[in-house]
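Reading through the structure tokens given below for one structure.
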Amino acid sequence: MDTIRYDYQPNTLRFALAAAFCAGSAVLMAKFALDNDRGMIIDGLIRLDRGAATVFQWAVAGTFAVGLFIALAGLARSFGPAVQVVLDRHAISAPKSGFSRTVETVRYAEISGLRLTQIRSHRFLELRHPRGKFTIACSMLPSEYDFDTLVDTVRARCRVHAR
């Protein structure tokens, strides 16, 4: 049982593209809100008068602005030093969340549950333990192969330490 280390940080290109998309969308929706002079019908079900349509457009612009802030935070984090996920003989050490630099260490014997989830094309490994849980995102590791290897290694080591 060797120690295995993986760099764990956001993908620069993905966050740059997300920031560009969110910035463009926020600007476009803000322009629509500023120039709005009519109502809106959403999906043939919801009718908004001119004022409500303008508020809706500002809300969408604000949502994209929040997305821009998150994307810029991820982009800035991607240029910093990588935090590492470390699997040693007795424990796994990983950031508590994707953007956290706080590393949490959990012994394999303490892990009460592993859950592999997928949301569209994004895969996550959730580890539950007595002090809570933490999640490892496939997109934050160097490759999908590394994620699959990490999942298999954690499962195997949890079985060994459960005996």
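As shown in the structure tokens, the chain order sets the letters A, B, ...; within each chain, residues go from 1, and ligands are also counted from 1 in the order they appear.
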Closest atom pairs, residues of range 97-142 of chain A within 9 Å of range 68-85 of chain A, only C-alpha atoms, as CSV:
residue,atom,partner,partner_atom,distance
A:Phe99,CA,A:Gly74,CA,7.2
A:Ser100,CA,A:Val83,CA,8.9
A:Arg101,CA,A:Val83,CA,6.6
A:Thr102,CA,A:Val83,CA,8.9
A:Val103,CA,A:Val83,CA,8.2
A:Ile136,CA,A:Val85,CA,8.8
A:Leu141,CA,A:Val85,CA,8.9
Produce a table with one row for each residue of range 69-111 of chain A that has an atom at most 8 Å from any atom of range 154-157 of chain A, each row naming the nearest atom pair and its distance in Å at one decimal; use only C-alpha atoms; arrange rows by chain and rising residue number; format as a Markdown table.
| residue | atom | partner | partner_atom | distance |
| --- | --- | --- | --- | --- |
| A:Leu87 | CA | A:Val154 | CA | 7.7 |
| A:Arg89 | CA | A:Arg157 | CA | 8.0 |
| A:Ile92 | CA | A:Val154 | CA | 7.9 |
| A:Tyr108 | CA | A:Arg157 | CA | 6.6 |
Report task. Would you list the contacts of Gly62 in chain A as an MDAnalysis selection string, taking every protein, DNA or RNA residue within 10 Å and counting only C-alpha atoms, but skipping same-chain residues closer than 6 positions in sequence? Result -> chainID A and resid 25:27 29:30 56 68
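The two atoms in question, CA of His129 in chain A and CA of Ser93 in chain A, are spaced 12.7 Å apart.
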Report task. Write down as JSON, numbers by chain the residues belonging to chain A that are assigned alpha helix (DSSP H) by DSSP computed on the backbone. Result -> {"A": [12, 13, 14, 15, 16, 17, 18, 19, 20, 21, 22, 23, 24, 25, 26, 27, 28, 29, 30, 31, 32, 33, 34, 35, 50, 51, 52, 53, 54, 55, 56, 57, 58, 59, 60, 61, 62, 63, 64, 65, 66, 67, 68, 69, 70, 71, 72, 73, 74, 75, 76, 77, 78, 79, 144, 145, 146, 147, 148, 149, 150, 151, 152, 153, 154, 155, 156, 157, 158, 159, 160, 161, 162]}
Same residues, C-alpha atoms, output as a CSV table (one decimal), in the first residue's frame:
chain,number,residue,atom,x,y,z
A,12,THR,CA,-8.1,26.8,-16.0
A,13,LEU,CA,-9.7,26.6,-19.4
A,14,ARG,CA,-13.1,25.6,-18.1
A,15,PHE,CA,-13.2,28.4,-15.7
A,16,ALA,CA,-12.0,30.9,-18.3
A,17,LEU,CA,-14.7,29.8,-20.7
A,18,ALA,CA,-17.3,29.9,-17.9
A,19,ALA,CA,-16.2,33.5,-16.9
A,20,ALA,CA,-16.4,34.6,-20.5
A,21,PHE,CA,-19.9,33.1,-21.0
A,22,CYS,CA,-21.2,34.6,-17.7
A,23,ALA,CA,-19.7,38.0,-18.4
A,24,GLY,CA,-21.2,38.1,-21.9
A,25,SER,CA,-24.6,36.9,-20.7
A,26,ALA,CA,-24.7,39.3,-17.8
A,27,VAL,CA,-23.9,42.3,-20.1
A,28,LEU,CA,-26.5,41.1,-22.7
A,29,MET,CA,-29.2,40.6,-20.1
A,30,ALA,CA,-28.4,44.0,-18.5
A,31,LYS,CA,-28.7,45.7,-21.9
A,32,PHE,CA,-32.1,43.9,-22.5
A,33,ALA,CA,-33.3,45.1,-19.1
A,34,LEU,CA,-32.2,48.7,-19.7
A,35,ASP,CA,-33.8,48.8,-23.2
A,50,ARG,CA,-43.3,45.6,-18.7
A,51,GLY,CA,-42.1,46.3,-15.2
A,52,ALA,CA,-42.1,42.6,-14.1
A,53,ALA,CA,-40.3,41.7,-17.3
A,54,THR,CA,-37.6,44.3,-16.6
A,55,VAL,CA,-37.2,42.9,-13.0
A,56,PHE,CA,-37.0,39.4,-14.4
A,57,GLN,CA,-34.3,40.4,-16.9
A,58,TRP,CA,-32.3,42.2,-14.1
A,59,ALA,CA,-32.6,39.0,-12.0
A,60,VAL,CA,-31.2,36.9,-14.8
A,61,ALA,CA,-28.4,39.4,-15.3
A,62,GLY,CA,-27.7,39.2,-11.6
A,63,THR,CA,-27.6,35.4,-11.7
A,64,PHE,CA,-25.0,35.5,-14.5
A,65,ALA,CA,-23.0,38.1,-12.5
A,66,VAL,CA,-22.9,35.7,-9.5
A,67,GLY,CA,-21.8,32.9,-11.9
A,68,LEU,CA,-19.1,35.3,-13.2
A,69,PHE,CA,-17.9,35.8,-9.6
A,70,ILE,CA,-17.7,32.1,-9.0
A,71,ALA,CA,-15.9,31.5,-12.3
A,72,LEU,CA,-13.4,34.2,-11.5
A,73,ALA,CA,-12.8,32.7,-8.1
A,74,GLY,CA,-12.2,29.3,-9.7
A,75,LEU,CA,-10.0,30.8,-12.3
A,76,ALA,CA,-7.9,32.6,-9.7
A,77,ARG,CA,-7.7,29.4,-7.7
A,78,SER,CA,-6.5,27.5,-10.8
A,79,PHE,CA,-3.4,29.7,-11.0
A,144,GLU,CA,-10.7,10.8,-15.4
A,145,TYR,CA,-8.3,7.8,-15.2
A,146,ASP,CA,-6.9,9.3,-12.0
A,147,PHE,CA,-10.4,9.7,-10.6
A,148,ASP,CA,-11.3,6.1,-11.4
A,149,THR,CA,-8.0,4.9,-9.8
A,150,LEU,CA,-8.7,7.0,-6.7
A,151,VAL,CA,-12.2,5.6,-6.4
A,152,ASP,CA,-11.0,2.0,-6.8
A,153,THR,CA,-8.1,2.6,-4.3
A,154,VAL,CA,-10.4,4.1,-1.6
A,155,ARG,CA,-12.9,1.3,-2.0
A,156,ALA,CA,-10.2,-1.3,-1.7
A,157,ARG,CA,-8.5,0.3,1.3
A,158,CYS,CA,-11.9,0.8,3.1
A,159,ARG,CA,-12.6,-2.9,2.7
A,160,VAL,CA,-9.1,-3.9,4.1
A,161,HIS,CA,-9.5,-1.6,7.1
A,162,ALA,CA,-13.1,-2.7,7.8
According to DSSP computed on the backbone, where in range 18-81 of chain A is there strand (DSSP E or B)? Give the residues as a compact mmCIF listing (two decimals) with C-alpha atoms, in the first residue's frame.
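Saved file states26.txt follows:
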# COMPACT_ATOMS: atom_id res chain seq x y z
CA MET A 40 -42.87 39.09 -21.72
CA ILE A 41 -44.52 35.68 -22.01
CA ILE A 42 -42.42 32.83 -20.61
CA ILE A 46 -46.31 33.09 -17.44
CA ARG A 47 -47.25 36.60 -18.53
CA LEU A 48 -45.20 39.53 -17.23
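Interatomic distance, CA of Arg107 in chain A to CA of Cys138 in chain A: 21.1 Å.
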Report task. Name the closest residue to Ser143 in chain A among the candidates A:Glu110, A:Glu126, A:Asp43, A:Asp7; distances are taken between atoms, counting only C-alpha atoms. Result -> A:Asp7
Report summary line: CA of Ser139 in chain A sits from CA of Ile4 in chain A at a separation of 18.1 Å
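The smallest atom-to-atom distance between Ser112 in chain A and any of A:Asp49, A:Gly132, A:Asp37, A:Gly44, using only C-alpha atoms, is found for A:Gly132.
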Report task. Find the residue from A:Tyr8, A:Pro130, A:Thr105, A:Leu114 that sits nearest to Asp88 in chain A; use only C-alpha atoms when measuring. Result -> A:Thr105
**Report entry** Contacts of Lys133 in chain A within 12 Å, only C-alpha atoms, excl. fewer than 5 positions in-chain, as a list in words
**Finding:**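 Neighbouring residues, sequence-local ones excluded: Ala94, Pro95, Lys96, Ser97, Glu104, Thr105, Val106, Glu110, Ile111, Ser112, Gly113, Leu114, Arg115, Leu125, Glu126, Leu127 and Arg128 of chain A.
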Query - Shell around Met140 in chain A at 7 Å using only C-alpha atoms, local window under 2 positions removed, as a VMD selection string - result: chain A and resid 8 to 11 137 to 138 142
Given the selection you just returned, output its residues as a file containing all heavy atoms, formatted as a tab-separated table (two decimals), in the first residue's frame.
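File out.tsv, as written:
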chain	number	residue	atom	x	y	z
A	8	TYR	N	-5.04	18.58	-7.00
A	8	TYR	CA	-6.48	18.82	-6.94
A	8	TYR	C	-6.72	20.31	-7.07
A	8	TYR	O	-6.55	21.06	-6.11
A	8	TYR	CB	-7.02	18.28	-5.61
A	8	TYR	CG	-8.52	18.19	-5.52
A	8	TYR	CD1	-9.21	17.21	-6.21
A	8	TYR	CD2	-9.24	19.07	-4.73
A	8	TYR	CE1	-10.59	17.11	-6.12
A	8	TYR	CE2	-10.61	18.98	-4.62
A	8	TYR	CZ	-11.29	18.00	-5.32
A	8	TYR	OH	-12.66	17.91	-5.22
A	9	GLN	N	-7.05	20.75	-8.28
A	9	GLN	CA	-7.31	22.17	-8.50
A	9	GLN	C	-8.20	22.35	-9.71
A	9	GLN	O	-8.29	21.47	-10.57
A	9	GLN	CB	-6.02	22.96	-8.64
A	9	GLN	CG	-5.23	22.73	-9.90
A	9	GLN	CD	-3.96	23.55	-9.88
A	9	GLN	OE1	-3.29	23.65	-8.86
A	9	GLN	NE2	-3.63	24.16	-10.99
A	10	PRO	N	-8.86	23.51	-9.80
A	10	PRO	CA	-9.77	23.77	-10.92
A	10	PRO	C	-9.05	23.79	-12.26
A	10	PRO	O	-7.88	24.15	-12.35
A	10	PRO	CB	-10.35	25.15	-10.61
A	10	PRO	CG	-10.11	25.36	-9.16
A	10	PRO	CD	-8.87	24.60	-8.82
A	11	ASN	N	-9.79	23.42	-13.31
A	11	ASN	CA	-9.28	23.45	-14.67
A	11	ASN	C	-9.33	24.88	-15.20
A	11	ASN	O	-10.41	25.48	-15.27
A	11	ASN	CB	-10.12	22.51	-15.55
A	11	ASN	CG	-9.63	22.45	-16.97
A	11	ASN	OD1	-9.72	23.43	-17.69
A	11	ASN	ND2	-9.17	21.29	-17.36
A	137	ALA	N	-14.28	15.91	-6.58
A	137	ALA	CA	-14.82	16.08	-7.93
A	137	ALA	C	-13.82	15.57	-8.96
A	137	ALA	O	-12.63	15.88	-8.89
A	137	ALA	CB	-15.12	17.55	-8.19
A	138	CYS	N	-14.30	14.82	-9.91
A	138	CYS	CA	-13.46	14.29	-10.98
A	138	CYS	C	-12.81	15.44	-11.76
A	138	CYS	O	-11.64	15.36	-12.13
A	138	CYS	CB	-14.31	13.44	-11.92
A	138	CYS	SG	-13.44	12.79	-13.35
A	142	PRO	N	-6.33	15.57	-12.31
A	142	PRO	CA	-5.68	15.71	-13.62
A	142	PRO	C	-6.40	14.98	-14.76
A	142	PRO	O	-6.39	15.44	-15.90
A	142	PRO	CB	-4.29	15.12	-13.40
A	142	PRO	CG	-4.03	15.29	-11.94
A	142	PRO	CD	-5.38	15.13	-11.28
